[in-house]
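S.K.: Quick one: the structure is below, and I'll ask about it shortly.
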Amino acid sequence: MRDNYRRGLLYVTETPNSLEYKTFARQLMTEPTGVRTLTDADLAQDPNIVFDVDLRSASTMRHLKTLLQRRGLGCRIFLADTETGVVAANARQLGADAIMSSRSRPDAIFRAIEAHFSVTAGDTVKHSIDMGVEALDDSFRSLVEDQVFDTNGMTNTSGIIADAIDQAGIQEWMNAVRGHHVGTFQHCMLVTATASAFARKSGMRRSDVVTITAAGLLHDIGKAAIPLDILDKPGALSTEEMQIMRQHPVAGYDYLVRRSRIAPDTLRSVRSHHEFLDGSGYPDGLSGSQIDDLTRIVTIADVYAALVERRAYKPPKTPLEALSVLTAMAEAGKLELALVREFGRIMVPDSVNHRQAG
Ligand SMILES: [Fe+2]
Ligand SMILES: [Fe+2]
């Protein structure tokens with residue numbers, strides 16, 4: 001459990017190049033980020049942040065106050081030598097969830113983050129996320145062992161997740177996922193949440209929302225067949241590795257066709273979520289009307305989630321930046337432009353004001 005926090009953690013220091021900080025950041029398994037280079041993009045998802053800065057410095061305070069205005073669910077921990085009145089008051093002004101000794105071990109820091117999430121994420125959210133991860137875990141294992149797939153269990157879990165996202169809101173749900181999970185499961189859960197919230201907010205009936213939620217959970221099930229050193233590689237894949245990676249849609253589809261009672265349109269979205277309207281995708285090079293509506297939604301959610309994810313090798317994009325990538329892909333003929341516009345209107349409401357203002 002604790003390991004899951006490590007990659008969702010930002011370590012902010014005024015001296016990112018000093019050996020002391022590098023060592024500490026390595027123990028936290030996170031990249032040190034200098035205060036002056038800290039950008040809005042780093043903070044847009046309100047990640048968990050450990051601050052090792054001098055809170056008595058007026059200029060540092062000014063800088064951080066502007067950066068940290070927006071508040072989501074991330075845990076903010078301030079390391080301090082002494083918890084003097086000034087330091088504590090300033091940390092609170094910056095939204096501190098915990099003030100800890102600068103000699104705290106990484107373990108203690110992870111415990112504080114855990115405590116933070118067990119207080120803030122509601123029970124419904126936590127329960128539905130746990131169920132989603134369990135369903136993914138079971139699905140991946142079933143594929144590897146070629147066992148019968150639990151179709152009813154998947155439908156049930158998808159309903160619980162769809163309702164929890166509807167109740168709690170997509171932001172709370174996605175933040176809780178990012179705080180607790182990494183890698184492939186984090187990706188699958190974020191695609192699920194994105195597709196589910198989009199379906200619900202565009203007014204679809206519940207049974208369709210549940211179908212789309214299940215398609216999100218299942219879309220990358222074929223990754224269970226990909227070796228972990230390729231799946232979790234922190235960097236670009238070689239051509240050969242990419243070829244192996246690209247087998248996942250067919251691997252997932254073949255398994256589900258043989259071993260599950262998943263409906264045909266969902267099966268198609270598992271096989272075809274990397275196809276593009278202009279025929280440039282894989283595995284079948286489908287184009288235009290050969291790609292159905294459900295698949296088009298899963299593809300958009302997949303690209304969007306991958307862009308806003310925090311990965312070891314690239315900073316996440318803000319929702320607005322992710323939307324502009326989707327729009328460029330749509331304008332290049334890869335995605336349906338009307339659907340991307342609808343997606344932006346519903347999922348990134350800022351973009352509407354942005355366009356009007358610009
Ligand atoms: Fe995929
Ligand atoms: Fe994916």
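Letters A, B, ... mark the chains of the structure tokens in the order given; residue numbers begin at 1 per chain; ligand numbers begin at 1, in order shown.
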Counting only C-alpha atoms and all ligand atoms, which protein, DNA or RNA residues come within 9 Å of ligand 1, given as a PyMOL selection string?
M.R.: chain A and resi 219-223+245-246+248-249+270-274+299+302
S.K.: In range 145-182 of chain A, what's helix (DSSP H, G or I) per DSSP? Answer as a VMD selection string?
M.R.: chain A and resid 145 151 to 168 170 to 180
S.K.: Using only C-alpha atoms and all ligand atoms, which residue out of A:Thr33, A:Ser351, A:Thr192, A:Gln290 lies closest to ligand 2?
M.R.: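 Going through A:Thr33, A:Ser351, A:Thr192, A:Gln290 one by one, the smallest distance to ligand 2 is for A:Thr192.
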S.K.: Just want the 9 Å neighbourhood of Met174 in chain A, counted on only C-alpha atoms, with same-chain residues fewer than 5 positions away dropped. Output as number ranges by chain.
M.R.: A: 165, 169, 179, 189-190, 193-194
S.K.: Please determine, counting only C-alpha atoms and all ligand atoms, which residue among A:Ser260, A:Thr37, A:Thr184, A:Ser57 has the shortest atom-to-atom distance to ligand 2.
M.R.: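 Between A:Ser260, A:Thr37, A:Thr184, A:Ser57, the residue approaching ligand 2 most closely is A:Thr184.
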